[in-house]
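Quick look at target.tsv (TSV, C-alpha atoms):
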```
chain	number	residue	atom	x	y	z
Q	174	MET	CA	-44.23	-59.68	-5.17
Q	175	THR	CA	-45.91	-57.87	-8.01
Q	176	PHE	CA	-44.37	-55.33	-10.30
Q	177	THR	CA	-45.93	-52.10	-11.57
Q	178	THR	CA	-45.60	-50.79	-15.10
Q	179	THR	CA	-44.14	-47.32	-15.39
Q	180	THR	CA	-46.67	-45.54	-17.57
Q	181	GLN	CA	-50.09	-47.13	-17.11
Q	182	ASN	CA	-49.72	-48.16	-13.46
Q	183	LEU	CA	-50.61	-51.78	-14.19
Q	184	VAL	CA	-49.43	-54.64	-11.98
Q	185	GLY	CA	-48.58	-58.28	-12.59
Q	186	PRO	CA	-46.93	-61.22	-10.95
Q	187	THR	CA	-43.23	-61.71	-11.29
Q	188	GLY	CA	-41.36	-64.88	-12.04
Q	189	ALA	CA	-40.42	-65.23	-8.37
Q	190	ASP	CA	-44.03	-65.31	-7.17
Q	191	LEU	CA	-45.66	-68.37	-5.71
Q	192	ILE	CA	-48.40	-69.80	-7.84
Q	193	GLN	CA	-50.83	-69.16	-4.97
Q	194	ALA	CA	-50.28	-65.41	-5.37
Q	195	ALA	CA	-50.85	-65.36	-9.09
Q	196	GLY	CA	-54.64	-65.33	-8.80
Q	197	ASP	CA	-54.73	-62.10	-6.82
Q	198	ALA	CA	-52.13	-60.54	-9.07
Q	199	VAL	CA	-54.11	-61.30	-12.20
Q	200	LYS	CA	-57.28	-60.01	-10.57
Q	201	ASP	CA	-55.54	-56.75	-9.66
Q	202	LEU	CA	-54.22	-56.48	-13.18
Q	203	ALA	CA	-57.68	-57.09	-14.61
Q	204	PHE	CA	-59.25	-54.28	-12.57
Q	205	ARG	CA	-56.50	-51.81	-13.29
Q	206	THR	CA	-56.76	-52.66	-16.97
Q	207	ASP	CA	-60.52	-52.16	-16.71
Q	208	ALA	CA	-60.01	-48.68	-15.25
Q	209	ARG	CA	-57.45	-47.67	-17.85
Q	210	LEU	CA	-59.64	-48.82	-20.74
Q	211	ASP	CA	-62.55	-46.88	-19.24
Q	212	VAL	CA	-60.45	-43.71	-19.31
Q	213	HIS	CA	-59.58	-44.26	-22.97
Q	214	ASP	CA	-63.20	-44.94	-23.85
Q	215	VAL	CA	-64.34	-41.70	-22.23
Q	216	THR	CA	-61.63	-39.69	-23.92
Q	217	LEU	CA	-62.48	-41.16	-27.28
Q	218	ALA	CA	-66.19	-40.54	-26.76
Q	219	VAL	CA	-65.52	-36.88	-26.01
Q	220	SER	CA	-63.38	-36.63	-29.09
Q	221	GLN	CA	-65.99	-38.17	-31.38
Q	222	VAL	CA	-68.77	-35.95	-30.02
Q	223	PRO	CA	-66.83	-32.98	-28.71
Q	224	PRO	CA	-68.38	-30.30	-26.56
Q	225	LEU	CA	-70.03	-28.13	-29.20
Q	226	THR	CA	-72.59	-25.33	-29.06
Q	227	VAL	CA	-73.92	-23.24	-31.92
Q	228	VAL	CA	-76.51	-20.50	-31.34
Q	229	GLU	CA	-78.15	-18.16	-33.79
Q	230	SER	CA	-80.57	-15.27	-34.07
Q	231	LEU	CA	-82.26	-13.71	-37.07
Q	232	GLN	CA	-83.93	-11.00	-34.99
Q	233	ALA	CA	-82.67	-7.47	-35.49
Q	234	GLU	CA	-80.54	-5.99	-32.80
Q	235	SER	CA	-78.90	-2.60	-32.72
Q	236	LEU	CA	-75.45	-2.11	-34.13
Q	237	PHE	CA	-74.16	1.11	-32.68
Q	238	SER	CA	-71.31	3.27	-33.80
Q	239	GLY	CA	-69.41	2.35	-30.67
Q	240	PHE	CA	-68.93	-0.71	-28.53
Q	241	THR	CA	-72.18	-2.44	-27.64
Q	242	PRO	CA	-73.18	-5.06	-25.08
Q	243	PRO	CA	-73.02	-8.66	-26.24
Q	244	TRP	CA	-75.73	-9.63	-28.68
Q	245	ALA	CA	-78.58	-11.91	-27.72
Q	246	PHE	CA	-79.41	-15.23	-29.36
Q	247	ASP	CA	-82.73	-17.05	-29.48
Q	248	THR	CA	-82.08	-20.38	-31.19
Q	249	VAL	CA	-79.86	-23.28	-30.17
Q	250	LEU	CA	-78.80	-25.16	-33.31
Q	251	VAL	CA	-76.74	-27.80	-31.52
Q	252	ASP	CA	-75.50	-28.20	-27.98
Q	253	THR	CA	-73.62	-31.28	-26.81
Q	254	GLN	CA	-72.19	-29.69	-23.67
Q	255	ASN	CA	-75.16	-27.92	-22.02
Q	256	GLY	CA	-73.49	-24.65	-22.84
Q	257	ALA	CA	-76.54	-22.71	-23.96
Q	258	ASP	CA	-79.23	-21.73	-21.48
Q	259	LEU	CA	-80.82	-18.90	-23.43
Q	260	SER	CA	-83.69	-18.46	-20.99
Q	261	ALA	CA	-81.19	-17.74	-18.24
Q	262	ASP	CA	-78.79	-15.70	-20.35
Q	263	PRO	CA	-79.33	-15.37	-24.11
Q	264	ARG	CA	-75.99	-13.70	-24.66
Q	265	ARG	CA	-73.47	-16.34	-23.75
Q	266	ILE	CA	-72.23	-19.86	-24.37
Q	267	ALA	CA	-70.86	-21.45	-21.24
Q	268	LEU	CA	-67.59	-23.31	-21.76
Q	269	THR	CA	-68.12	-26.27	-19.50
Q	270	ARG	CA	-64.82	-28.09	-19.85
Q	271	THR	CA	-61.25	-26.98	-19.22
Q	272	GLY	CA	-58.97	-27.01	-22.21
Q	273	TYR	CA	-58.58	-25.22	-25.51
Q	274	TRP	CA	-61.67	-24.04	-27.34
Q	275	MET	CA	-62.42	-22.78	-30.81
Q	276	LEU	CA	-64.67	-19.74	-30.46
Q	277	GLY	CA	-66.11	-17.82	-33.36
Q	278	GLY	CA	-68.98	-16.02	-34.94
Q	279	TYR	CA	-70.58	-14.60	-38.03
Q	280	ALA	CA	-72.76	-11.51	-38.22
Q	281	GLU	CA	-74.31	-9.33	-40.86
Q	282	ALA	CA	-76.33	-6.16	-41.04
Q	283	SER	CA	-78.24	-5.98	-44.27
Q	284	THR	CA	-77.95	-2.23	-44.67
Q	285	ILE	CA	-76.69	0.68	-42.66
Q	286	ALA	CA	-77.97	4.18	-43.24
Q	287	GLY	CA	-75.43	6.44	-44.85
Q	288	SER	CA	-72.23	5.36	-46.49
Q	289	VAL	CA	-70.02	3.72	-43.91
Q	290	THR	CA	-66.37	4.13	-44.75
Q	291	THR	CA	-64.83	2.64	-41.67
Q	292	ALA	CA	-64.34	-0.95	-40.69
Q	293	PHE	CA	-67.01	-3.14	-39.19
Q	294	LYS	CA	-65.45	-4.98	-36.31
Q	295	LEU	CA	-66.65	-8.26	-34.93
Q	296	PHE	CA	-65.51	-9.42	-31.52
Q	297	VAL	CA	-65.65	-12.78	-29.86
Q	298	ASN	CA	-64.89	-12.56	-26.19
Q	299	ILE	CA	-64.12	-15.11	-23.55
Q	300	ASN	CA	-64.59	-14.57	-19.88
Q	301	ASN	CA	-61.33	-15.44	-18.19
Q	302	PRO	CA	-61.41	-15.31	-14.39
Q	303	SER	CA	-57.71	-14.75	-14.11
Q	304	SER	CA	-57.60	-11.64	-16.23
Q	305	GLY	CA	-61.17	-10.43	-16.64
Q	306	LEU	CA	-63.03	-10.02	-19.91
Q	307	GLN	CA	-60.66	-10.23	-22.82
Q	308	PHE	CA	-61.07	-9.61	-26.49
Q	309	GLU	CA	-59.74	-12.71	-28.11
Q	310	ASN	CA	-60.09	-11.76	-31.72
Q	311	VAL	CA	-61.43	-9.23	-34.15
Q	312	SER	CA	-62.50	-9.45	-37.74
Q	313	THR	CA	-62.92	-6.42	-39.94
Q	314	SER	CA	-64.83	-5.89	-43.09
Q	315	GLN	CA	-64.63	-2.46	-44.63
Q	316	VAL	CA	-67.70	-1.84	-46.69
Q	317	ASP	CA	-70.21	0.62	-47.91
Q	318	GLY	CA	-73.09	0.66	-45.48
Q	319	GLY	CA	-75.57	0.79	-48.29
Q	320	HIS	CA	-74.38	-2.65	-49.33
Q	321	GLY	CA	-74.50	-4.07	-45.82
Q	322	LEU	CA	-71.94	-5.08	-43.27
Q	323	SER	CA	-70.73	-8.54	-42.45
Q	324	GLY	CA	-67.87	-10.31	-40.79
Q	325	SER	CA	-66.72	-13.61	-39.39
Q	326	CYS	CA	-63.87	-14.71	-37.19
Q	327	SER	CA	-62.61	-17.48	-34.95
Q	328	CYS	CA	-60.04	-17.68	-32.23
Q	329	ILE	CA	-58.55	-20.32	-29.96
Q	330	ALA	CA	-59.13	-19.68	-26.28
Q	331	ARG	CA	-57.72	-21.29	-23.17
Q	332	VAL	CA	-60.14	-22.21	-20.41
Q	333	ASP	CA	-58.60	-22.93	-17.02
Q	334	ASN	CA	-61.77	-22.77	-14.97
Q	335	ALA	CA	-64.80	-24.31	-16.61
Q	336	ALA	CA	-67.08	-23.03	-13.86
Q	337	GLN	CA	-66.48	-19.42	-14.82
Q	338	ALA	CA	-65.84	-19.41	-18.54
Q	339	TRP	CA	-68.13	-18.31	-21.34
Q	340	SER	CA	-67.99	-16.66	-24.73
Q	341	THR	CA	-69.96	-13.72	-26.06
Q	342	MET	CA	-70.04	-11.87	-29.35
Q	343	THR	CA	-70.59	-8.31	-30.42
Q	344	GLY	CA	-69.52	-5.84	-33.06
Q	345	PHE	CA	-69.43	-2.20	-33.97
Q	346	TRP	CA	-68.27	0.24	-36.54
Q	347	THR	CA	-66.46	3.34	-35.55
Q	348	GLY	CA	-69.25	5.53	-36.73
Q	349	VAL	CA	-67.70	7.72	-39.39
Q	350	THR	CA	-69.98	8.09	-42.36
Q	351	ASN	CA	-69.91	10.52	-45.23
Q	352	SER	CA	-73.48	11.47	-44.55
Q	353	ASN	CA	-72.80	12.24	-40.90
Q	354	TYR	CA	-74.94	9.33	-39.85
Q	355	THR	CA	-74.05	8.51	-36.27
Q	356	GLY	CA	-77.00	6.42	-35.18
Q	357	TYR	CA	-77.34	2.70	-35.37
Q	358	GLY	CA	-78.38	0.04	-37.73
Q	359	PRO	CA	-79.82	-3.42	-37.24
Q	360	VAL	CA	-77.68	-6.51	-37.07
Q	361	THR	CA	-79.79	-9.21	-38.59
Q	362	LYS	CA	-78.27	-12.66	-38.92
Q	363	ARG	CA	-75.70	-13.62	-36.30
Q	364	ARG	CA	-74.33	-16.98	-35.28
Q	365	MET	CA	-71.87	-17.87	-32.54
Q	366	TRP	CA	-70.06	-21.16	-32.06
Q	367	ALA	CA	-67.81	-22.80	-29.51
Q	368	TYR	CA	-66.27	-26.23	-29.63
Q	369	TRP	CA	-63.67	-27.95	-27.54
Q	370	LEU	CA	-60.33	-28.78	-29.16
Q	371	GLY	CA	-58.48	-30.64	-26.44
Q	372	ASP	CA	-57.10	-30.73	-22.94
Q	373	LEU	CA	-54.74	-28.14	-21.53
O	265	MET	CA	-63.65	-67.04	-13.80
O	266	ARG	CA	-65.19	-63.65	-13.24
O	267	TYR	CA	-65.29	-60.45	-15.22
O	268	THR	CA	-64.84	-56.79	-14.35
O	269	PRO	CA	-68.12	-54.90	-14.55
O	270	SER	CA	-67.21	-52.30	-17.11
O	271	GLN	CA	-64.84	-53.73	-19.68
O	272	GLN	CA	-65.50	-57.41	-18.99
O	273	VAL	CA	-61.87	-58.20	-18.32
O	274	PRO	CA	-61.52	-61.80	-17.00
O	275	TYR	CA	-59.87	-62.58	-13.68
O	276	PRO	CA	-59.68	-65.53	-11.23
O	277	ALA	CA	-62.56	-65.46	-8.81
O	278	THR	CA	-60.74	-66.24	-5.60
O	279	ARG	CA	-57.36	-67.03	-4.23
O	280	ARG	CA	-58.29	-70.71	-4.43
O	281	GLU	CA	-58.58	-70.31	-8.16
O	282	ALA	CA	-54.98	-69.29	-8.48
O	283	ALA	CA	-54.48	-72.36	-10.56
O	284	ASN	CA	-56.58	-70.60	-13.17
O	285	ALA	CA	-54.13	-67.71	-13.32
O	286	PRO	CA	-52.41	-68.87	-16.50
O	287	LEU	CA	-55.76	-69.21	-18.28
O	288	ALA	CA	-56.92	-65.87	-16.86
O	289	SER	CA	-53.70	-64.26	-18.02
O	290	GLU	CA	-54.22	-65.59	-21.50
O	291	LEU	CA	-57.82	-64.37	-21.65
O	292	LEU	CA	-56.82	-61.03	-20.24
O	293	ALA	CA	-54.10	-60.63	-22.82
O	294	ARG	CA	-56.53	-61.49	-25.62
O	295	LYS	CA	-59.08	-59.04	-24.23
O	296	VAL	CA	-56.54	-56.23	-24.00
O	297	ASP	CA	-55.31	-56.98	-27.48
O	298	THR	CA	-58.80	-56.78	-28.96
O	299	LYS	CA	-59.67	-53.64	-27.05
O	300	LEU	CA	-56.46	-51.84	-27.89
O	301	THR	CA	-56.93	-52.71	-31.55
O	302	ASP	CA	-60.42	-51.21	-31.46
O	303	LEU	CA	-59.15	-48.11	-29.71
O	304	ASN	CA	-56.28	-47.77	-32.13
O	305	THR	CA	-58.61	-47.99	-35.11
O	306	ALA	CA	-60.95	-45.40	-33.62
O	307	TRP	CA	-58.12	-43.05	-32.71
O	308	THR	CA	-56.56	-43.33	-36.15
O	309	ALA	CA	-59.83	-42.25	-37.73
O	310	GLU	CA	-60.20	-39.49	-35.17
O	311	VAL	CA	-56.80	-37.86	-35.40
O	312	ASN	CA	-56.70	-38.05	-39.18
O	313	GLY	CA	-59.62	-35.89	-40.04
O	314	PRO	CA	-62.02	-35.66	-41.70
O	315	THR	CA	-60.51	-32.58	-43.29
O	316	THR	CA	-60.18	-31.22	-46.79
O	317	ILE	CA	-58.07	-28.29	-47.99
O	318	LEU	CA	-58.48	-27.00	-51.53
O	319	ASN	CA	-55.96	-24.84	-53.31
O	320	LEU	CA	-55.94	-22.73	-56.45
O	321	ALA	CA	-53.01	-23.38	-58.79
O	322	SER	CA	-54.09	-21.07	-61.62
O	323	ASN	CA	-55.62	-17.62	-61.44
O	324	ILE	CA	-59.28	-17.29	-62.37
O	325	THR	CA	-59.29	-14.33	-64.73
O	326	GLY	CA	-61.82	-12.14	-66.47
O	327	ILE	CA	-64.62	-12.19	-63.94
O	328	PRO	CA	-67.09	-9.61	-65.26
O	329	GLN	CA	-69.21	-7.18	-63.31
O	330	ASN	CA	-72.29	-8.54	-61.54
O	331	SER	CA	-71.59	-12.09	-62.63
O	332	ASP	CA	-71.90	-14.03	-59.36
O	333	TRP	CA	-68.93	-16.12	-60.46
O	334	PRO	CA	-68.57	-19.55	-58.83
O	335	ILE	CA	-65.11	-20.29	-57.50
O	336	PHE	CA	-64.08	-23.80	-58.42
O	337	MET	CA	-60.74	-24.76	-56.96
O	338	ASP	CA	-58.38	-26.83	-59.09
O	339	THR	CA	-56.18	-28.62	-56.57
O	340	ILE	CA	-56.82	-30.80	-53.56
O	341	LEU	CA	-54.03	-29.83	-51.22
O	342	LYS	CA	-55.00	-32.35	-48.60
O	343	THR	CA	-57.96	-34.56	-47.92
O	344	VAL	CA	-58.27	-37.08	-45.13
O	345	ASN	CA	-61.16	-39.42	-44.50
O	346	GLN	CA	-63.22	-37.34	-46.87
O	347	THR	CA	-63.99	-38.34	-50.40
O	348	GLY	CA	-66.05	-35.39	-51.60
O	349	GLY	CA	-64.97	-31.99	-52.71
O	350	GLY	CA	-62.79	-31.85	-55.78
O	351	GLN	CA	-63.68	-28.28	-56.59
O	352	THR	CA	-65.77	-26.87	-53.80
O	353	ILE	CA	-67.07	-27.88	-50.39
O	354	ALA	CA	-68.77	-31.27	-50.27
O	355	ALA	CA	-69.40	-33.23	-47.12
O	356	ASN	CA	-69.09	-36.98	-47.43
O	357	SER	CA	-71.02	-37.58	-44.24
O	358	ASP	CA	-73.73	-35.66	-42.42
O	359	GLY	CA	-72.69	-33.60	-39.45
O	360	TRP	CA	-71.31	-30.32	-38.18
O	361	TYR	CA	-68.49	-28.67	-40.07
O	362	HIS	CA	-66.24	-25.63	-39.70
O	363	CYS	CA	-65.68	-24.13	-43.14
O	364	PHE	CA	-63.15	-21.50	-44.19
O	365	VAL	CA	-63.18	-19.65	-47.49
O	366	THR	CA	-60.61	-16.98	-48.34
O	367	VAL	CA	-60.19	-15.45	-51.79
O	368	SER	CA	-57.74	-12.88	-53.05
O	369	LEU	CA	-59.16	-10.50	-55.64
O	370	SER	CA	-57.32	-8.09	-57.93
O	371	CYS	CA	-58.55	-5.62	-60.49
O	372	GLU	CA	-57.85	-6.19	-64.16
O	373	GLY	CA	-57.61	-2.81	-65.78
O	374	THR	CA	-57.96	0.61	-64.26
O	375	ILE	CA	-60.74	1.36	-61.85
O	376	THR	CA	-61.42	4.96	-61.07
O	377	ALA	CA	-64.13	4.68	-58.48
O	378	SER	CA	-64.58	2.72	-55.31
O	379	THR	CA	-66.79	-0.25	-55.92
O	380	LYS	CA	-68.06	-3.17	-53.98
O	381	ARG	CA	-66.45	-6.57	-53.97
O	382	GLU	CA	-68.24	-9.51	-52.50
O	383	LEU	CA	-67.59	-13.10	-51.55
O	384	HIS	CA	-70.58	-15.16	-50.59
O	385	VAL	CA	-70.90	-18.83	-49.81
O	386	ASP	CA	-74.23	-20.48	-50.58
O	387	ILE	CA	-75.48	-23.70	-49.06
O	388	GLN	CA	-78.04	-25.26	-51.35
O	389	GLY	CA	-80.32	-28.22	-51.00
O	390	SER	CA	-83.63	-28.77	-49.33
O	391	ASP	CA	-86.12	-31.50	-48.63
O	392	ASP	CA	-88.61	-29.81	-50.93
O	393	PRO	CA	-88.66	-31.86	-54.17
O	394	PHE	CA	-90.02	-28.86	-56.06
O	395	ASN	CA	-87.24	-26.60	-54.87
O	396	PRO	CA	-84.16	-28.77	-54.38
O	397	ASN	CA	-81.72	-25.98	-55.18
O	398	LEU	CA	-83.07	-23.59	-52.60
O	399	VAL	CA	-80.31	-21.56	-50.97
O	400	THR	CA	-80.79	-22.39	-47.32
O	401	GLU	CA	-77.89	-20.40	-45.96
O	402	ARG	CA	-75.65	-17.62	-47.23
O	403	TYR	CA	-72.52	-16.22	-45.64
O	404	THR	CA	-71.11	-13.00	-47.02
O	405	CYS	CA	-68.04	-10.82	-46.86
O	406	ARG	CA	-67.79	-7.53	-48.72
O	407	ASP	CA	-65.00	-5.14	-49.39
O	408	TYR	CA	-64.86	-1.57	-50.59
O	409	GLU	CA	-61.79	-1.29	-52.75
O	410	ARG	CA	-60.56	1.15	-55.35
O	411	ASN	CA	-57.97	-0.49	-57.49
O	412	GLY	CA	-55.89	-2.94	-55.54
O	413	THR	CA	-55.75	-6.43	-54.21
O	414	SER	CA	-57.82	-7.44	-51.24
O	415	ASN	CA	-58.60	-10.64	-49.41
O	416	LEU	CA	-62.14	-11.59	-48.53
O	417	HIS	CA	-62.76	-14.17	-45.85
O	418	VAL	CA	-65.82	-16.05	-44.69
O	419	GLU	CA	-65.99	-18.78	-42.10
O	420	PHE	CA	-68.89	-20.50	-40.43
O	421	VAL	CA	-69.92	-23.54	-38.44
O	422	THR	CA	-72.96	-25.28	-39.82
O	423	ARG	CA	-74.60	-28.62	-40.39
O	424	LEU	CA	-73.84	-30.08	-43.80
O	425	LEU	CA	-75.40	-33.08	-45.48
O	426	THR	CA	-74.07	-35.25	-48.23
O	427	THR	CA	-76.98	-33.98	-50.31
O	428	THR	CA	-76.23	-30.31	-49.86
O	429	SER	CA	-73.86	-28.34	-52.02
O	430	VAL	CA	-71.70	-25.49	-50.78
O	431	THR	CA	-70.31	-23.09	-53.35
O	432	ALA	CA	-68.35	-19.87	-53.07
O	433	TYR	CA	-69.11	-17.00	-55.44
O	434	VAL	CA	-67.43	-13.67	-56.06
O	435	ASN	CA	-69.05	-10.57	-57.37
O	436	HIS	CA	-68.00	-6.98	-58.01
O	437	LEU	CA	-69.37	-3.73	-59.33
O	438	ASN	CA	-66.34	-2.56	-61.30
O	439	ALA	CA	-68.18	-1.26	-64.35
O	440	GLY	CA	-66.42	-1.92	-67.62
O	441	SER	CA	-63.67	-3.94	-66.05
O	442	SER	CA	-63.01	-7.32	-64.57
O	443	VAL	CA	-61.34	-8.87	-61.56
O	444	ARG	CA	-59.34	-12.02	-61.10
O	445	VAL	CA	-59.00	-14.48	-58.27
O	446	ASP	CA	-55.30	-14.80	-57.45
O	447	THR	CA	-53.74	-18.07	-56.38
O	448	ALA	CA	-52.03	-16.43	-53.44
O	449	ASN	CA	-54.21	-16.38	-50.35
O	450	THR	CA	-57.07	-18.21	-52.03
O	451	ARG	CA	-58.04	-21.35	-50.20
O	452	ILE	CA	-61.08	-23.31	-49.11
O	453	SER	CA	-61.07	-25.79	-46.27
O	454	TRP	CA	-63.54	-27.60	-44.11
O	455	THR	CA	-63.17	-29.79	-41.08
O	456	LYS	CA	-65.78	-32.02	-39.58
O	457	ILE	CA	-66.38	-31.33	-35.90
O	458	CYS	CA	-68.74	-34.23	-35.25
O	459	GLY	CA	-71.58	-36.18	-36.75
O	460	ASP	CA	-75.25	-35.57	-36.11
O	461	VAL	CA	-75.96	-35.58	-32.41
```

Can you turn what I pasted into structure tokens?
Amino acid sequence: MTFTTTTQNLVGPTGADLIQAAGDAVKDLAFRTDARLDVHDVTLAVSQVPPLTVVESLQAESLFSGFTPPWAFDTVLVDTQNGADLSADPRRIALTRTGYWMLGGYAEASTIAGSVTTAFKLFVNINNPSSGLQFENVSTSQVDGGHGLSGSCSCIARVDNAAQAWSTMTGFWTGVTNSNYTGYGPVTKRRMWAYWLGDL
Amino acid sequence: MRYTPSQQVPYPATRREAANAPLASELLARKVDTKLTDLNTAWTAEVNGPTTILNLASNITGIPQNSDWPIFMDTILKTVNQTGGGQTIAANSDGWYHCFVTVSLSCEGTITASTKRELHVDIQGSDDPFNPNLVTERYTCRDYERNGTSNLHVEFVTRLLTTTSVTAYVNHLNAGSSVRVDTANTRISWTKICGDV
């Protein structure tokens, strides 16, 4: 008659067991211990090299005076989670594991025609199947366009379904300039990151 | 005696080897002890950093126009498993880091026109022996203030090396006046995400 531990589901012989039963009991304990240690090893390995993707682009892309589609990226700086497939979709990082994620980005436009007097807004979005596309965070940097625009932000996102989760990044300014400039300017450097923080 | 395929935990081979159960139990206990100790050591290192948070205890005053003034922090608020970085960002091991730099700037004197304020963080260091101080990356935040206090914030994820230096600078175009970095809301921190992969 073996007993089972309450938290790790391990078994062992009891004092009332026959000696003939002890061999099987120890074998069972050994295999259950093996399985539990495997789980801890995997968890620790994920923690030491967490799912992490960083993508970047130095190619100019339009920054409009209103909301724009997500920006494209062309360089994968690091990717431990197979989250970046830029040939398939250069605009997103797939979030391939359920849990909590740190999502963020940095972007700058070297100069914007006219003198921009309204805030530059940087968005990092996460696709969330339960509620559609959501804006998770915004960073603002109110500047003179002649001096350039830049911004950075991070947010913590919850991913319930790793098969349908990804992050994107974009930005805009609201388009009011003192020279009546309402066109667009180029976003030059931009970098987006996503790394896994932990389980749900 | 046999061993499980993954973790090499010992167990009696057959029921006929039940007599070996005491020895197997002893070996199993020793194996679990060793393994749990290893796991505990690894977890302790993992949950305790590496992280460093720098604070500013005294205002930095009198920063002149167009000076590209380096911001050296004066207090280590917290540092765990990280030996570098008394004044600015310094990685003590190669890898990927998430860095945060926030500074609070105030005007000293009266400013009558809107002027630019800027925080930029430079990452310096290259493999080129003739240009070791090359700025390899720069992250910038600018503000357009008249005469008040504003916070500038930059954050980024990047690969840092023990040989690279990361320094935050502030700049402004307030002609004939100066700005100061206030202790409130001024902080630099960096956290290692993982080593080189």

Task: Using only C-alpha atoms: which of O:Arg444, O:Lys456, O:Arg402, O:Arg279 has the shortest distance to chain Q - done: O:Arg279

Centre and size of axis-aligned box enclosing stretch 179-192 of chain Q plus 3 Å each side, as lines of an AutoDock Vina configuration file:
```
center_x = -45.5
center_y = -57.7
center_z = -11.6
size_x = 16.2
size_y = 30.3
size_z = 17.9
```

Task: Residue hits in chain O, query chain Q, radius 7 Å, all atoms listed in the file, as a list in words - done: Thr268, Ser270, Gln271, Val273, Pro274, Tyr275, Pro276, Thr278, Arg279, Glu281, Ala282, Ala285, Ser289, Leu292, Thr404, Cys405, Arg406, Asp407, Tyr408, Val418, Glu419, Phe420, Val421 and Cys458 of chain O

TODO: Compare O:Ile353, O:Gly459, O:Leu437, O:Thr315 by their minimum atom-to-atom distance to O:Pro334, counting only C-alpha atoms, and give me the closest one.
DONE: O:Ile353

Open item on the list: Report, in Å with one decimal, the straight-line distance from atom CA of Q:Leu276 to atom CA of Q:Thr361.
Closed with: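 The value is 20.1 Å.
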
TODO: Enter the distance from atom CA of O:Leu303 to atom CA of O:Ala288, in Å, rounded to one decimal.
DONE: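 Taking atom CA of O:Leu303 as the start and atom CA of O:Ala288 as the end point, the length is 22.0 Å.
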
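Residues in contact with O:Gln351 at 12 Å, where all atoms listed in the file are counted and same-chain residues fewer than 2 positions away are skipped, are listed as Thr316, Ile317, Leu318, Asn319, Leu320, Ala321, Pro334, Ile335, Phe336, Met337, Asp338, Thr339, Ile340, Leu341, Thr347, Gly348, Gly349, Ile353, Ala354, Ser429, Val430, Thr431, Ala432, Arg451, Ile452 and Ser453 of chain O.
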
Open item on the list: Between atom CA of O:Asp386 and atom CA of O:Leu398, what is the distance in Å, rounded to a tenth?
Closed with: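 Spanning atom CA of O:Asp386 to atom CA of O:Leu398 is a straight-line distance of 9.6 Å.
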
So which residues touch O:Arg423 within 8 Å, counting all atoms listed in the file, skipping near sequence neighbours fewer than 6 positions away, as a short mmCIF file (atom, residue, chain, number, x, y, z; two decimals) with C-alpha atoms, in the coordinates of the input?
```cif
data_model
loop_
_atom_site.label_atom_id
_atom_site.label_comp_id
_atom_site.auth_asym_id
_atom_site.auth_seq_id
_atom_site.Cartn_x
_atom_site.Cartn_y
_atom_site.Cartn_z
CA ASP O 358 -73.73 -35.66 -42.42
CA GLY O 359 -72.69 -33.60 -39.45
CA TRP O 360 -71.31 -30.32 -38.18
CA TYR O 361 -68.49 -28.67 -40.07
#
```

Task: All residues 9 Å or closer to O:Ser368, all atoms listed in the file, same chain fewer than 3 positions away omitted, as a PyMOL selection string - done: chain O and resi 413-417+444-451

Open item on the list: When you look at stretch 331-333 of chain O with a cut-off of 6 Å (counting all atoms listed in the file), what residues show up, excluding the ones that are within fewer than 2 positions of it in the same chain? I need them as a ChimeraX atom specification.
Closed with: /O:328-329,433-435
